[in-house]
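Below is one structure, written out as structure tokens, with a few remarks after it.
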Number of protein chains: 2
Amino acid sequence: MVKVYIVGAGPGDPELITVKAVKLLELADVVVYDRLIPVDVLKHVKEGAELIYVGKEPGRHSMEQDEINELLLRKALEGKVIVRLHGGDPFIFGRGFEECQYLIRNGVECEAVPGVTSAIAAPEQYLIPILLRGVSSSVAFVTGREDPGKGFREVDFRRLATSVGTIVILMGASEACRIAGELIQGGLDSSTPVAVVTRAYMSGSRVQFMTLGEVAGCRITVENPSVIIVGKSVRLSPLYKDAVSHST
Amino acid sequence: MVKVYIVGAGPGDPELITVKAVKLLELADVVVYDRLIPVDVLKHVKEGAELIYVGKEPGRHSMEQDEINELLLRKALEGKVIVRLHGGDPFIFGRGFEECQYLIRNGVECEAVPGVTSAIAAPEQYLIPILLRGVSSSVAFVTGREDPGKGFREVDFRRLATSVGTIVILMGASEACRIAGELIQGGLDSSTPVAVVTRAYMSGSRVQFMTLGEVAGCRITVENPSVIIVGKSVRLSPLYKDAVSHST
């Protein structure tokens, strides 16, 4: 039975890929890869293997998800060893699960190979605890950008605000101001510390510390890609500074 | 300046360690390791390096956290390359952050190297989506076992119940029945699907599917170590079965 490997490449640092992912890349006949993978991991691919770029850039979809699913199925049915490489982890805000589901429904076996997600790696790069005894016993990972086709918002930031110790928002750059406002409406103090980690483990990576009130003031630009971390444990980072002195 | 590396070893499969962690293990003079690391990853350690086991077994602490901190500091001040190896990711319910904090306060540099956490890997091993467009836009990771010394519970499962799409509980085996009850009290339907993944990526790993009501009925034994996944997206796993037919 043919099989497709849905593989996480980890965050920006090409050394944060797993040993298993490297072995699969060495073995693969076809590698189908995303926009946000660390490009250097492709050096593990064997000579003569086929490399197919299907990365989605904001506002410019290189290939629709249906087409990617079809491509994976077609290549699998040719009997080739296929690695579908996602940035981070394939099931954390990727479409890895949908790809598996499609393949299995069409009689092709699928194995998911987890990777380090930037939701965890980004705070860790700057020694920001998202879970910490006595301070934060729970963390939520949420998307800041929901499928507009749904017509409603599934993430209720007001409700989420005080339900967990720390909130980690991915793909929230363009919605940061609205989200921060909703978190304050939901009961978080506007002095709650926020860290914005931009380009985690890539060149030019950086962290900015601010308060939730400052983000809600809409005068801060959050660049893409960023991971936004909200919660009182942020303040315990050894790198924490009250970087922005004014309050909104 | 001396430096300690606080490193994640990943979940049970020794190939789910990162390339960076392997390189650091090859370089290390001293490796201080936990109970829940995949033992085979220690084969990367160079000959002559010192291996120190500090794993904490339930009810039998091999070494207190204060002693571990002191040990790391002492070895670092000897000028040695030190890897402190945690199971999974060092900041996800490990004490990696506290170790870094202690070292930095004592003038020793600290670098965290993220790893694949079982919170993400365990559901993925059994193709269980924890985030899925249109079904679950948020996931919370929580501990089922809080520090009893605190005297109060920080995780309010009643409040958490309907705040996120999926709830992933680590170290919740012994408290599963109480937690399930609180989630139902908090508004989750007793028919909500639950997956219990035991010994993820280790030998003898398995998944059991059930309903939240069945867990709350206290007749199901959850073994250690298990990851408990609660949410409607669980049902979409290709492996999902209505394994337990009775309802409580």
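Quick note on naming: the chains in the structure tokens go A, B, ... in the order shown, residues restart at 1 in each chain, and ligands are numbered from 1 in order of appearance.
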
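Residues within 8 Å of Gly172 in chain B, counting only C-alpha atoms and excluding same-chain residues fewer than 4 positions away, are Thr143, Gly144, Arg145, Ala176, Ser226, Val227 and Ile228 of chain B.
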
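Interface residues of chain B facing chain A, defined by any atom at most 6 Å away and using only C-alpha atoms, are Glu15, Leu16, Ile17, Thr18, Val19, Lys20, Pro114, Gly115, Val116, Ala121, Ser138, Val139, Ala140, Phe141, Val142, Arg159, Leu160 and Ser163 of chain B.
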
_For the strand (DSSP E) assignment from backbone DSSP, which residues of range 50-139 of chain A qualify? Please present them as a ChimeraX atom specification._
/A:50-53,56-57,60-61,82-86,109-113,138-139

Output file for the selection above: N, CA, C and O atoms, as a compact mmCIF listing (two decimals), in the first residue's frame:
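Produced file result.txt, reproduced below:
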# COMPACT_ATOMS: atom_id res chain seq x y z
N GLU A 50 11.84 15.03 -7.14
CA GLU A 50 11.03 16.11 -7.68
C GLU A 50 10.61 17.05 -6.54
O GLU A 50 10.08 16.60 -5.53
N LEU A 51 10.88 18.35 -6.73
CA LEU A 51 10.49 19.34 -5.71
C LEU A 51 9.34 20.17 -6.25
O LEU A 51 9.45 20.77 -7.32
N ILE A 52 8.24 20.19 -5.50
CA ILE A 52 7.07 20.95 -5.97
C ILE A 52 6.68 21.98 -4.92
O ILE A 52 6.36 21.64 -3.78
N TYR A 53 6.71 23.25 -5.32
CA TYR A 53 6.37 24.35 -4.43
C TYR A 53 4.88 24.65 -4.53
O TYR A 53 4.36 24.89 -5.61
N LYS A 56 1.49 29.04 -0.11
CA LYS A 56 0.43 30.05 -0.25
C LYS A 56 0.94 31.37 0.29
O LYS A 56 1.25 31.49 1.46
N GLU A 57 1.01 32.34 -0.57
CA GLU A 57 1.38 33.68 -0.09
C GLU A 57 0.11 34.47 0.11
O GLU A 57 -0.86 34.29 -0.62
N ARG A 60 -2.08 35.68 -2.71
CA ARG A 60 -1.66 35.08 -3.99
C ARG A 60 -1.48 33.59 -3.80
O ARG A 60 -0.41 33.13 -3.43
N HIS A 61 -2.52 32.85 -3.99
CA HIS A 61 -2.47 31.41 -3.77
C HIS A 61 -1.78 30.73 -4.94
O HIS A 61 -2.25 30.82 -6.07
N ILE A 82 6.39 9.95 -1.04
CA ILE A 82 6.05 11.37 -1.05
C ILE A 82 6.13 11.97 0.33
O ILE A 82 5.57 11.44 1.30
N VAL A 83 6.84 13.10 0.42
CA VAL A 83 6.85 13.89 1.65
C VAL A 83 6.14 15.20 1.36
O VAL A 83 6.51 15.94 0.44
N ARG A 84 5.11 15.47 2.15
CA ARG A 84 4.42 16.76 2.09
C ARG A 84 4.94 17.55 3.29
O ARG A 84 4.64 17.21 4.44
N LEU A 85 5.74 18.57 3.01
CA LEU A 85 6.45 19.28 4.06
C LEU A 85 5.74 20.59 4.42
O LEU A 85 5.52 21.46 3.57
N HIS A 86 5.36 20.69 5.70
CA HIS A 86 4.71 21.90 6.21
C HIS A 86 5.67 22.66 7.11
O HIS A 86 6.47 22.05 7.84
N GLU A 109 -2.51 5.36 2.28
CA GLU A 109 -2.13 5.47 3.69
C GLU A 109 -1.44 6.82 3.94
O GLU A 109 -0.80 7.37 3.04
N CYS A 110 -1.56 7.30 5.15
CA CYS A 110 -1.01 8.60 5.48
C CYS A 110 -0.39 8.54 6.87
O CYS A 110 -0.99 8.02 7.80
N GLU A 111 0.83 9.06 7.00
CA GLU A 111 1.45 9.15 8.32
C GLU A 111 1.82 10.59 8.60
O GLU A 111 2.44 11.25 7.76
N ALA A 112 1.45 11.07 9.77
CA ALA A 112 1.81 12.42 10.17
C ALA A 112 3.09 12.36 10.99
O ALA A 112 3.22 11.52 11.87
N VAL A 113 4.03 13.24 10.68
CA VAL A 113 5.28 13.32 11.42
C VAL A 113 5.34 14.70 12.07
O VAL A 113 5.54 15.70 11.39
N SER A 138 -2.22 26.88 32.06
CA SER A 138 -2.87 26.52 30.80
C SER A 138 -2.52 27.56 29.74
O SER A 138 -2.28 28.73 30.05
N VAL A 139 -2.48 27.07 28.51
CA VAL A 139 -2.19 27.98 27.39
C VAL A 139 -3.12 27.63 26.25
O VAL A 139 -3.42 26.46 26.02

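The interatomic distance for the pair CA of Ser233 in chain B and CA of Thr192 in chain B works out to 9.5 Å.
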
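The coordinates place CA of Glu99 in chain A at 20.7 Å from CA of Met171 in chain A.
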
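Of the residues under consideration (A:Val2, A:Gly12, A:Asp34, A:Asn106), A:Gly12 shows the shortest atom-to-atom contact distance to Gly204 in chain A when counting only C-alpha atoms.
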
_Contacts of range 206-222 of chain B at 7 Å (only C-alpha atoms; same-chain gap of 2+ positions) as a PyMOL selection string_ = chain B and resi 173+176-178+180-181+190-199+204+224+240-244+247-248

Please save N, CA, C and O atoms of the selected residues as an mmCIF file, in the first residue's frame.
data_model
loop_
_atom_site.group_PDB
_atom_site.id
_atom_site.type_symbol
_atom_site.label_atom_id
_atom_site.label_comp_id
_atom_site.auth_asym_id
_atom_site.auth_seq_id
_atom_site.Cartn_x
_atom_site.Cartn_y
_atom_site.Cartn_z
ATOM 1 N N ALA B 173 -4.191 11.654 34.074
ATOM 2 C CA ALA B 173 -4.700 10.289 34.239
ATOM 3 C C ALA B 173 -5.483 10.118 35.544
ATOM 4 O O ALA B 173 -6.625 9.665 35.534
ATOM 5 N N ALA B 176 -8.814 12.299 35.681
ATOM 6 C CA ALA B 176 -9.647 12.343 34.475
ATOM 7 C C ALA B 176 -11.139 12.403 34.802
ATOM 8 O O ALA B 176 -11.890 13.172 34.195
ATOM 9 N N CYS B 177 -11.547 11.619 35.776
ATOM 10 C CA CYS B 177 -12.966 11.541 36.107
ATOM 11 C C CYS B 177 -13.490 12.876 36.639
ATOM 12 O O CYS B 177 -14.511 13.382 36.180
ATOM 13 N N ARG B 178 -12.763 13.463 37.573
ATOM 14 C CA ARG B 178 -13.157 14.778 38.117
ATOM 15 C C ARG B 178 -13.180 15.835 37.018
ATOM 16 O O ARG B 178 -14.137 16.610 36.889
ATOM 17 N N ALA B 180 -13.497 15.524 33.756
ATOM 18 C CA ALA B 180 -14.602 15.309 32.812
ATOM 19 C C ALA B 180 -15.913 15.826 33.405
ATOM 20 O O ALA B 180 -16.713 16.472 32.724
ATOM 21 N N GLY B 181 -16.110 15.561 34.683
ATOM 22 C CA GLY B 181 -17.311 16.049 35.368
ATOM 23 C C GLY B 181 -17.390 17.565 35.329
ATOM 24 O O GLY B 181 -18.451 18.149 35.059
ATOM 25 N N SER B 190 -22.266 15.718 27.320
ATOM 26 C CA SER B 190 -21.645 14.455 27.741
ATOM 27 C C SER B 190 -21.355 13.543 26.553
ATOM 28 O O SER B 190 -20.589 12.594 26.664
ATOM 29 N N SER B 191 -21.898 13.852 25.379
ATOM 30 C CA SER B 191 -21.580 13.060 24.185
ATOM 31 C C SER B 191 -20.311 13.548 23.477
ATOM 32 O O SER B 191 -19.911 12.976 22.460
ATOM 33 N N THR B 192 -19.680 14.592 23.995
ATOM 34 C CA THR B 192 -18.452 15.118 23.375
ATOM 35 C C THR B 192 -17.403 14.002 23.273
ATOM 36 O O THR B 192 -17.124 13.330 24.266
ATOM 37 N N PRO B 193 -16.830 13.804 22.088
ATOM 38 C CA PRO B 193 -15.848 12.726 21.969
ATOM 39 C C PRO B 193 -14.529 13.029 22.676
ATOM 40 O O PRO B 193 -14.094 14.171 22.731
ATOM 41 N N VAL B 194 -13.956 11.970 23.214
ATOM 42 C CA VAL B 194 -12.684 12.057 23.939
ATOM 43 C C VAL B 194 -11.753 10.993 23.369
ATOM 44 O O VAL B 194 -12.172 9.865 23.105
ATOM 45 N N ALA B 195 -10.494 11.351 23.180
ATOM 46 C CA ALA B 195 -9.473 10.355 22.832
ATOM 47 C C ALA B 195 -8.450 10.332 23.953
ATOM 48 O O ALA B 195 -8.037 11.381 24.441
ATOM 49 N N VAL B 196 -8.075 9.134 24.363
ATOM 50 C CA VAL B 196 -7.011 8.986 25.348
ATOM 51 C C VAL B 196 -5.852 8.273 24.655
ATOM 52 O O VAL B 196 -5.976 7.119 24.243
ATOM 53 N N VAL B 197 -4.743 8.988 24.488
ATOM 54 C CA VAL B 197 -3.557 8.400 23.861
ATOM 55 C C VAL B 197 -2.557 8.068 24.965
ATOM 56 O O VAL B 197 -2.123 8.946 25.706
ATOM 57 N N THR B 198 -2.252 6.787 25.083
ATOM 58 C CA THR B 198 -1.368 6.314 26.147
ATOM 59 C C THR B 198 -0.016 5.927 25.550
ATOM 60 O O THR B 198 0.039 5.295 24.497
ATOM 61 N N ARG B 199 1.043 6.345 26.204
ATOM 62 C CA ARG B 199 2.416 6.017 25.786
ATOM 63 C C ARG B 199 2.695 6.424 24.341
ATOM 64 O O ARG B 199 3.224 5.634 23.549
ATOM 65 N N GLY B 204 4.019 -0.088 22.802
ATOM 66 C CA GLY B 204 2.732 -0.308 23.453
ATOM 67 C C GLY B 204 1.812 0.902 23.429
ATOM 68 O O GLY B 204 0.851 0.965 24.192
ATOM 69 N N ASN B 224 -1.023 5.975 32.990
ATOM 70 C CA ASN B 224 0.046 6.947 32.913
ATOM 71 C C ASN B 224 1.167 6.423 32.015
ATOM 72 O O ASN B 224 1.500 5.251 32.113
ATOM 73 N N TYR B 240 -11.364 6.993 14.393
ATOM 74 C CA TYR B 240 -12.406 7.119 15.410
ATOM 75 C C TYR B 240 -13.448 6.008 15.323
ATOM 76 O O TYR B 240 -13.938 5.670 14.262
ATOM 77 N N LYS B 241 -13.718 5.452 16.461
ATOM 78 C CA LYS B 241 -14.811 4.487 16.553
ATOM 79 C C LYS B 241 -15.603 4.820 17.802
ATOM 80 O O LYS B 241 -15.049 5.311 18.780
ATOM 81 N N ASP B 242 -16.862 4.547 17.753
ATOM 82 C CA ASP B 242 -17.639 4.652 18.988
ATOM 83 C C ASP B 242 -17.322 3.431 19.823
ATOM 84 O O ASP B 242 -18.069 2.469 19.895
ATOM 85 N N ALA B 243 -16.142 3.479 20.463
ATOM 86 C CA ALA B 243 -15.562 2.278 21.059
ATOM 87 C C ALA B 243 -16.385 1.779 22.241
ATOM 88 O O ALA B 243 -16.519 0.586 22.457
ATOM 89 N N VAL B 244 -16.949 2.691 22.984
ATOM 90 C CA VAL B 244 -17.722 2.283 24.147
ATOM 91 C C VAL B 244 -19.185 2.597 23.832
ATOM 92 O O VAL B 244 -19.533 3.732 23.562
ATOM 93 N N SER B 247 -23.732 4.424 27.608
ATOM 94 C CA SER B 247 -23.653 5.839 27.982
ATOM 95 C C SER B 247 -23.928 5.960 29.476
ATOM 96 O O SER B 247 -24.673 5.169 30.045
ATOM 97 N N THR B 248 -23.288 6.926 30.093
ATOM 98 C CA THR B 248 -23.475 7.047 31.553
ATOM 99 C C THR B 248 -24.330 8.266 31.866
ATOM 100 O O THR B 248 -24.378 9.203 31.084
#

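You will find CA of Arg235 in chain A at 21.3 Å from CA of Asn69 in chain B.
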
*Could you tell me which of B:Val54, B:Ala49, B:Val4, B:Ala119 comes closest to Ala76 in chain B if we count only C-alpha atoms?*
B:Val4
